[in-house]
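Chemist: I am sharing upload.tsv, which consists of TSV, C-alpha atoms:
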```tsv
chain	number	residue	atom	x	y	z
O	886	MET	CA	33.38	190.64	-140.17
O	887	ILE	CA	31.24	189.16	-137.43
O	888	GLN	CA	31.69	192.18	-135.18
O	889	ASP	CA	30.10	194.39	-137.84
O	890	PHE	CA	26.74	192.85	-136.97
O	891	THR	CA	25.95	195.18	-134.12
O	892	TRP	CA	22.58	195.34	-132.40
O	893	ILE	CA	21.50	198.22	-134.65
O	894	ALA	CA	22.32	196.21	-137.78
O	895	ILE	CA	20.46	193.14	-136.48
O	896	ARG	CA	17.48	195.32	-135.59
O	897	ASP	CA	17.40	196.77	-139.10
O	898	ILE	CA	17.64	193.31	-140.68
O	899	ILE	CA	14.64	192.10	-138.64
O	900	ALA	CA	12.78	195.31	-139.56
O	901	ALA	CA	13.48	194.76	-143.27
O	902	VAL	CA	12.14	191.18	-143.11
O	903	PHE	CA	8.95	192.25	-141.32
O	904	LEU	CA	8.50	195.22	-143.67
O	905	ALA	CA	8.84	193.08	-146.80
O	906	SER	CA	6.39	190.45	-145.49
O	907	GLY	CA	3.86	193.12	-144.45
O	908	LEU	CA	4.06	194.81	-147.84
O	909	PHE	CA	3.60	191.46	-149.58
O	910	PHE	CA	0.45	190.78	-147.57
O	911	MET	CA	-0.92	194.28	-148.18
O	912	PHE	CA	-0.42	193.98	-151.94
O	913	VAL	CA	-1.91	190.49	-152.07
O	914	GLY	CA	-4.94	191.69	-150.08
O	915	GLY	CA	-5.57	194.57	-152.47
O	916	PHE	CA	-5.13	192.33	-155.49
O	917	GLY	CA	-7.42	189.67	-154.00
O	918	VAL	CA	-10.18	192.21	-153.47
O	919	PHE	CA	-10.02	192.93	-157.19
O	920	ARG	CA	-9.51	189.37	-158.43
O	921	MET	CA	-11.70	187.05	-156.35
O	922	PRO	CA	-14.98	185.90	-157.91
O	923	ASP	CA	-17.36	186.37	-155.00
O	924	ALA	CA	-18.04	188.81	-152.17
O	925	TYR	CA	-17.23	186.15	-149.55
O	926	HIS	CA	-13.93	185.33	-151.26
O	927	ARG	CA	-13.13	189.05	-151.41
O	928	LEU	CA	-13.90	189.39	-147.71
O	929	HIS	CA	-11.58	186.46	-146.98
O	930	ALA	CA	-8.73	188.05	-148.93
O	931	ALA	CA	-9.29	191.52	-147.44
O	932	SER	CA	-9.55	190.59	-143.76
O	933	LYS	CA	-6.65	188.13	-143.48
O	934	CYS	CA	-4.23	190.04	-145.61
O	935	THR	CA	-4.83	193.45	-144.05
O	936	THR	CA	-4.54	192.04	-140.51
O	937	LEU	CA	-1.22	190.33	-141.24
O	938	GLY	CA	0.07	193.26	-143.28
O	939	ILE	CA	-0.63	195.87	-140.61
O	940	THR	CA	0.92	193.62	-137.96
O	941	GLY	CA	4.10	193.04	-139.95
O	942	MET	CA	4.58	196.70	-140.81
O	943	LEU	CA	3.97	197.85	-137.23
O	944	LEU	CA	6.53	195.30	-135.99
O	945	ALA	CA	8.96	196.65	-138.57
O	946	ALA	CA	8.40	200.19	-137.29
O	947	CYS	CA	8.96	198.91	-133.71
O	948	PHE	CA	12.29	197.32	-134.62
O	949	HIS	CA	13.44	200.19	-136.82
O	950	ILE	CA	12.55	203.07	-134.49
O	951	ALA	CA	13.23	201.55	-131.07
O	952	ASP	CA	11.28	204.10	-129.06
O	953	PRO	CA	8.82	203.47	-126.19
O	954	ILE	CA	6.19	205.73	-127.79
O	955	VAL	CA	6.22	203.78	-131.05
O	956	ILE	CA	6.24	200.40	-129.29
O	957	SER	CA	3.30	201.22	-127.01
O	958	LYS	CA	1.17	202.67	-129.80
O	959	ALA	CA	2.03	199.75	-132.07
O	960	ILE	CA	1.01	197.22	-129.41
O	961	ILE	CA	-2.33	199.03	-128.93
O	962	THR	CA	-2.92	199.11	-132.69
O	963	VAL	CA	-2.01	195.43	-133.19
O	964	VAL	CA	-4.34	194.29	-130.40
O	965	PHE	CA	-7.15	196.51	-131.72
O	966	THR	CA	-6.64	195.24	-135.29
O	967	PHE	CA	-6.66	191.60	-134.19
O	968	VAL	CA	-9.94	192.17	-132.33
O	969	ALA	CA	-11.73	194.58	-134.66
O	970	ASN	CA	-10.92	193.27	-138.14
O	971	PRO	CA	-12.52	189.79	-137.74
O	972	ILE	CA	-15.56	191.35	-136.03
O	973	GLY	CA	-16.09	193.77	-138.90
O	974	SER	CA	-15.65	191.05	-141.52
O	975	HIS	CA	-18.05	188.74	-139.68
O	976	LEU	CA	-20.69	191.49	-139.45
O	977	ILE	CA	-20.37	192.37	-143.13
O	978	ALA	CA	-20.64	188.70	-144.14
O	979	LYS	CA	-23.62	188.08	-141.86
O	980	ALA	CA	-25.46	191.18	-143.07
O	981	GLY	CA	-24.79	190.24	-146.69
O	982	HIS	CA	-25.98	186.68	-146.16
O	983	HIS	CA	-29.18	187.84	-144.47
O	984	GLY	CA	-29.64	190.31	-147.29
O	985	GLY	CA	-29.60	187.52	-149.85
O	986	LEU	CA	-26.08	187.87	-151.23
O	987	LYS	CA	-25.43	185.22	-153.86
O	988	VAL	CA	-22.55	182.77	-153.48
O	989	TRP	CA	-20.24	181.81	-156.33
O	990	ASN	CA	-21.76	179.10	-158.52
O	991	GLU	CA	-18.80	176.77	-157.85
O	992	THR	CA	-19.12	177.03	-154.06
O	993	LEU	CA	-19.39	173.52	-152.62
O	994	LYS	CA	-21.53	174.12	-149.54
O	995	ASP	CA	-23.42	176.95	-147.86
O	996	GLU	CA	-24.27	175.58	-144.44
O	997	LEU	CA	-25.89	178.72	-143.06
O	998	SER	CA	-28.57	178.72	-145.75
O	999	LEU	CA	-29.16	175.00	-145.13
O	1000	ASP	CA	-29.55	175.72	-141.41
O	1001	LYS	CA	-31.95	178.54	-142.13
O	1002	LYS	CA	-34.19	176.17	-144.08
O	1003	ASP	CA	-34.05	173.50	-141.33
O	1004	PRO	CA	-36.91	174.13	-138.86
O	1005	THR	CA	-35.11	172.34	-136.00
O	1006	MET	CA	-32.02	174.55	-136.11
O	1007	SER	CA	-31.72	177.72	-134.07
O	1008	ALA	CA	-30.75	179.70	-137.17
O	1009	SER	CA	-34.06	178.81	-138.79
O	1010	ASP	CA	-36.46	181.54	-139.78
O	1011	ASP	CA	-39.32	179.48	-138.39
O	1012	ILE	CA	-37.90	179.57	-134.86
O	1013	THR	CA	-36.67	183.15	-134.84
O	1014	GLY	CA	-39.67	184.34	-136.81
O	1015	CYS	CA	-37.48	186.69	-138.81
O	1016	LEU	CA	-39.31	186.27	-142.07
O	1017	ASP	CA	-39.74	189.25	-144.29
O	1018	ASP	CA	-43.52	188.90	-144.48
O	1019	ASN	CA	-44.00	188.39	-140.72
O	1020	PRO	CA	-45.42	191.62	-139.27
O	1021	ASP	CA	-45.04	190.45	-135.63
O	1022	ALA	CA	-41.26	189.95	-135.81
O	1023	THR	CA	-40.34	193.14	-133.99
O	1024	HIS	CA	-37.53	191.45	-132.05
O	1025	CYS	CA	-35.54	190.90	-135.25
O	1026	ARG	CA	-35.50	194.53	-136.19
O	1027	LEU	CA	-33.77	197.53	-134.81
O	1028	THR	CA	-36.08	199.45	-132.53
O	1029	TYR	CA	-36.05	202.82	-134.18
O	1030	PRO	CA	-39.15	205.03	-134.07
O	1031	GLU	CA	-39.92	204.62	-137.76
O	1032	ASP	CA	-39.78	200.83	-137.35
O	1033	ALA	CA	-42.33	200.95	-134.53
O	1034	ARG	CA	-44.51	203.12	-136.71
O	1035	GLU	CA	-44.25	200.59	-139.54
O	1036	VAL	CA	-45.30	197.67	-137.33
O	1037	ALA	CA	-48.16	199.58	-135.73
Q	1129	MET	CA	-4.99	233.08	-131.38
Q	1130	THR	CA	-3.69	231.17	-134.37
Q	1131	GLN	CA	-0.50	233.21	-134.45
Q	1132	SER	CA	0.35	231.96	-130.97
Q	1133	ILE	CA	-0.69	228.33	-131.57
Q	1134	VAL	CA	1.22	227.66	-134.81
Q	1135	PRO	CA	4.77	228.22	-133.44
Q	1136	MET	CA	3.90	226.06	-130.44
Q	1137	LEU	CA	2.83	223.24	-132.77
Q	1138	ILE	CA	6.01	223.57	-134.81
Q	1139	ALA	CA	8.11	223.53	-131.65
Q	1140	ALA	CA	6.28	220.42	-130.41
Q	1141	GLY	CA	6.96	218.77	-133.77
Q	1142	ASP	CA	10.64	219.62	-133.54
Q	1143	GLN	CA	10.81	218.11	-130.07
Q	1144	ALA	CA	9.16	214.94	-131.37
Q	1145	VAL	CA	11.67	214.82	-134.23
Q	1146	HIS	CA	14.69	215.14	-131.99
Q	1147	LYS	CA	13.49	212.70	-129.39
Q	1148	VAL	CA	13.88	209.55	-131.50
Q	1149	SER	CA	16.94	208.29	-133.33
Q	1150	PRO	CA	15.64	206.26	-136.27
Q	1151	GLY	CA	17.95	204.26	-138.46
Q	1152	SER	CA	17.12	206.04	-141.70
Q	1153	ILE	CA	18.82	209.30	-140.64
Q	1154	ARG	CA	21.60	207.74	-138.57
Q	1155	ASP	CA	25.21	208.19	-139.73
Q	1156	SER	CA	27.47	205.21	-139.21
Q	1157	ALA	CA	30.80	203.91	-140.51
Q	1158	ASN	CA	29.69	200.31	-140.00
Q	1159	PRO	CA	29.21	198.68	-143.46
Q	1160	VAL	CA	26.32	196.43	-142.40
Q	1161	GLU	CA	24.46	199.29	-140.72
Q	1162	SER	CA	24.81	201.61	-143.71
Q	1163	PHE	CA	23.79	198.80	-146.10
Q	1164	MET	CA	20.66	198.03	-144.10
Q	1165	ARG	CA	19.85	201.73	-143.77
Q	1166	ASP	CA	19.91	202.13	-147.56
Q	1167	GLY	CA	18.08	198.80	-148.02
Q	1168	ILE	CA	15.17	199.84	-145.82
Q	1169	VAL	CA	14.85	203.07	-147.81
Q	1170	VAL	CA	14.68	201.04	-151.05
Q	1171	ILE	CA	12.10	198.65	-149.55
Q	1172	VAL	CA	9.95	201.57	-148.42
Q	1173	ASP	CA	10.14	203.23	-151.84
Q	1174	ILE	CA	9.06	200.00	-153.53
Q	1175	GLY	CA	6.36	199.47	-150.91
Q	1176	VAL	CA	4.74	202.86	-151.52
Q	1177	ILE	CA	4.31	201.85	-155.17
Q	1178	ALA	CA	2.92	198.42	-154.17
Q	1179	VAL	CA	0.40	199.87	-151.72
Q	1180	ALA	CA	-0.63	202.51	-154.27
Q	1181	LEU	CA	-1.25	199.73	-156.82
Q	1182	ALA	CA	-3.33	197.87	-154.22
Q	1183	ILE	CA	-5.37	201.02	-153.60
Q	1184	VAL	CA	-5.95	201.30	-157.36
Q	1185	PHE	CA	-7.18	197.67	-157.43
Q	1186	CYS	CA	-9.56	198.40	-154.55
Q	1187	LEU	CA	-10.85	201.53	-156.30
Q	1188	LEU	CA	-11.50	199.47	-159.44
Q	1189	ARG	CA	-13.46	196.99	-157.34
Q	1190	MET	CA	-15.36	199.87	-155.77
Q	1191	LEU	CA	-16.32	201.13	-159.22
Q	1192	LYS	CA	-17.12	197.71	-160.61
Q	1193	GLY	CA	-18.49	195.82	-157.61
Q	1194	PRO	CA	-21.94	194.45	-158.31
Q	1195	THR	CA	-23.28	194.72	-154.77
Q	1196	LEU	CA	-22.98	197.10	-151.85
Q	1197	VAL	CA	-21.05	194.48	-149.87
Q	1198	ASP	CA	-18.20	194.57	-152.39
Q	1199	ARG	CA	-17.97	198.33	-152.18
Q	1200	SER	CA	-17.91	198.33	-148.39
Q	1201	ILE	CA	-15.18	195.64	-148.40
Q	1202	ALA	CA	-13.13	197.79	-150.76
Q	1203	ALA	CA	-13.62	200.85	-148.51
Q	1204	ASP	CA	-12.45	198.88	-145.45
Q	1205	THR	CA	-9.39	197.63	-147.32
Q	1206	ILE	CA	-8.55	201.17	-148.49
Q	1207	ALA	CA	-8.66	202.38	-144.88
Q	1208	MET	CA	-6.16	199.65	-143.90
Q	1209	GLN	CA	-3.91	200.60	-146.82
Q	1210	VAL	CA	-3.95	204.23	-145.75
Q	1211	VAL	CA	-2.71	202.98	-142.37
Q	1212	ALA	CA	0.06	201.13	-144.21
Q	1213	LEU	CA	1.05	204.31	-146.06
Q	1214	VAL	CA	1.25	206.22	-142.77
Q	1215	ILE	CA	3.54	203.54	-141.32
Q	1216	LEU	CA	5.74	203.72	-144.42
Q	1217	LEU	CA	5.95	207.51	-144.06
Q	1218	THR	CA	6.95	207.13	-140.41
Q	1219	VAL	CA	9.69	204.63	-141.23
Q	1220	ARG	CA	10.98	206.70	-144.16
Q	1221	LEU	CA	11.08	210.10	-142.45
Q	1222	GLY	CA	11.88	208.88	-138.96
Q	1223	THR	CA	9.47	211.26	-137.26
Q	1224	LEU	CA	6.66	210.52	-134.84
Q	1225	GLN	CA	4.36	213.32	-135.98
Q	1226	PHE	CA	2.20	211.09	-138.17
Q	1227	PHE	CA	2.16	207.96	-136.03
Q	1228	ASP	CA	-1.02	208.95	-134.17
Q	1229	ALA	CA	-2.90	208.71	-137.46
Q	1230	VAL	CA	-2.36	204.92	-137.44
Q	1231	LEU	CA	-4.65	204.34	-134.47
Q	1232	ILE	CA	-7.17	206.98	-135.57
Q	1233	VAL	CA	-7.56	205.60	-139.09
Q	1234	SER	CA	-7.88	202.06	-137.71
Q	1235	PHE	CA	-10.74	203.21	-135.46
Q	1236	LEU	CA	-12.40	205.05	-138.34
Q	1237	GLY	CA	-12.15	202.02	-140.62
Q	1238	PHE	CA	-13.67	199.72	-138.01
Q	1239	ILE	CA	-16.51	202.14	-137.26
Q	1240	SER	CA	-17.26	202.66	-140.95
Q	1241	THR	CA	-17.34	198.87	-141.40
Q	1242	LEU	CA	-19.84	198.60	-138.53
Q	1243	ALA	CA	-21.95	201.37	-140.07
Q	1244	PHE	CA	-21.97	199.64	-143.46
Q	1245	ALA	CA	-22.95	196.32	-141.86
Q	1246	GLN	CA	-25.76	198.00	-139.94
Q	1247	PHE	CA	-26.94	199.72	-143.13
Q	1248	ILE	CA	-26.92	196.52	-145.19
Q	1249	GLY	CA	-28.64	194.51	-142.47
Q	1250	ARG	CA	-31.24	197.19	-141.92
Q	1251	ARG	CA	-32.04	197.50	-145.61
Q	1252	ARG	CA	-32.41	193.69	-145.76
Q	1253	SER	CA	-30.94	193.71	-149.24
Q	1254	ALA	CA	-27.30	193.33	-150.18
Q	1255	LEU	CA	-27.79	194.70	-153.66
```
Could you rewrite the structure in this file as structure tokens?
Modeler:
Amino acid sequence: MIQDFTWIAIRDIIAAVFLASGLFFMFVGGFGVFRMPDAYHRLHAASKCTTLGITGMLLAACFHIADPIVISKAIITVVFTFVANPIGSHLIAKAGHHGGLKVWNETLKDELSLDKKDPTMSASDDITGCLDDNPDATHCRLTYPEDAREVA
Amino acid sequence: MTQSIVPMLIAAGDQAVHKVSPGSIRDSANPVESFMRDGIVVIVDIGVIAVALAIVFCLLRMLKGPTLVDRSIAADTIAMQVVALVILLTVRLGTLQFFDAVLIVSFLGFISTLAFAQFIGRRRSAL
């Protein structure tokens, strides 16, 4: 009985566990994007769940197909996902917050908007000068030719 | 030109198929190995349905989403779920022909997320 658990069988058991957990996270991420009440909540569900889901499924592929090509590509993809997914989520959230995206009405605290109203904080619009009606705030904008034409 | 390239591509695919020995096409008399081989096939078949349901939820959010931020979040999540479907296809078929698409679709999803963030921040309106 115990000698039936060869290395191939143990590898497949580990692959099944990782595959099931990765699929669980992927499904929960997709459902959370639909279900959550607010764009920030949806971003939370999407970024965490897709990162963990991709990682689990790539580890399952590594254990199931024990090949150097699969393992090297999976390591590259996992490192890239762990770097790129939080950066993308952070950029989307920051752009939405600067664009005036509303929070859920049961959100307890929005510290970035409090800091923007505080003139002593570095995120304040008074210090950075990034107000919408400030025509001299060229450093806040992307320097494209049509922007320069607008300011001039 | 194409008549000479297509058989080369098919031959390269056959080499890639025969180079690996995945568990889903492996014959074995060991009871635990054959049980786990069938179990992984069942998990993958259930997982394709689960990921397809998640894509449907994301498409509903993309139709319904009140702001542009919600739609871009749904697009990013759909890109990650396409990556998950490619991994499931690799595990189920046991070939390495589709595994390059994992890295490519990850790059495309990240770059599209950056483009959406730039677009939203440049428009200065999330609506």
Chemist: Quick one: of O:Ala945, O:Val964, O:Ala980, O:Ile956, who's nearest to chain Q, counting all atoms listed in the file?
Modeler: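 Answer, going by the shortest atom-to-atom distance: O:Ala980.
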Chemist: I'd like a table as a Markdown table: residues in chain O with an atom no more than 6 Å from chain Q, each row giving the shortest atom pair and its distance in Å to one decimal, all atoms listed in the file counted, sorted by chain and rising residue number.
Modeler:
```
| residue | atom | partner | partner_atom | distance |
| --- | --- | --- | --- | --- |
| O:Ala894 | CA | Q:Glu1161 | CA | 4.8 |
| O:Ala901 | CA | Q:Ile1168 | CA | 5.9 |
| O:Phe912 | CA | Q:Ala1182 | CA | 5.4 |
| O:Gly915 | CA | Q:Ala1182 | CA | 4.4 |
| O:Phe916 | CA | Q:Ala1182 | CA | 6.0 |
| O:Phe919 | CA | Q:Arg1189 | CA | 5.3 |
| O:Ala924 | CA | Q:Asp1198 | CA | 5.8 |
| O:Ile950 | CA | Q:Pro1150 | CA | 4.8 |
| O:Thr962 | CA | Q:Leu1231 | CA | 5.8 |
| O:Gly973 | CA | Q:Thr1241 | CA | 5.8 |
| O:Leu976 | CA | Q:Ala1245 | CA | 5.9 |
| O:Ile977 | CA | Q:Ala1245 | CA | 4.9 |
| O:Ala980 | CA | Q:Gly1249 | CA | 4.6 |
| O:Gly981 | CA | Q:Ala1254 | CA | 5.3 |
| O:Gly984 | CA | Q:Ser1253 | CA | 4.1 |
| O:Leu986 | CA | Q:Ala1254 | CA | 5.7 |
```
Chemist: Put those residues in a file: C-alpha atoms, as a JSON list (two decimals), keeping the file's coordinate frame.
Modeler:
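Full text of selection_29.json as output:
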```json
[["chain", "number", "residue", "atom", "x", "y", "z"],
["O", 894, "ALA", "CA", 22.32, 196.21, -137.78],
["O", 901, "ALA", "CA", 13.48, 194.76, -143.27],
["O", 912, "PHE", "CA", -0.42, 193.98, -151.94],
["O", 915, "GLY", "CA", -5.57, 194.57, -152.47],
["O", 916, "PHE", "CA", -5.13, 192.33, -155.49],
["O", 919, "PHE", "CA", -10.02, 192.93, -157.19],
["O", 924, "ALA", "CA", -18.04, 188.81, -152.17],
["O", 950, "ILE", "CA", 12.55, 203.07, -134.49],
["O", 962, "THR", "CA", -2.92, 199.11, -132.69],
["O", 973, "GLY", "CA", -16.09, 193.77, -138.90],
["O", 976, "LEU", "CA", -20.69, 191.49, -139.45],
["O", 977, "ILE", "CA", -20.37, 192.37, -143.13],
["O", 980, "ALA", "CA", -25.46, 191.18, -143.07],
["O", 981, "GLY", "CA", -24.79, 190.24, -146.69],
["O", 984, "GLY", "CA", -29.64, 190.31, -147.29],
["O", 986, "LEU", "CA", -26.08, 187.87, -151.23]]
```
Chemist: Can you tell me how far CA of Ile961 (chain O) sits from CA of Leu1221 (chain Q), in Å to one decimal?
Modeler: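 Pair CA of Ile961 (chain O) / CA of Leu1221 (chain Q) returns 22.0 Å.
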Chemist: Just how far from CA of Leu999 (chain O) is CA of His929 (chain O), in Å to one decimal?
Modeler: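 So the answer is 21.1 Å.
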Chemist: One number please: CA of Cys934 (chain O) to CA of Thr966 (chain O), in Å, one decimal.
Modeler: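 CA of Thr966 (chain O) lies at a distance of 11.8 Å from CA of Cys934 (chain O).
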Chemist: With distances taken over all atoms listed in the file, which of O:Ile954, O:Ser974, O:Leu997, O:Val902 is nearest to Ala930 (chain O)?
Modeler: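 Of O:Ile954, O:Ser974, O:Leu997, O:Val902, the one nearest Ala930 (chain O) is O:Ser974, counting all atoms listed in the file.
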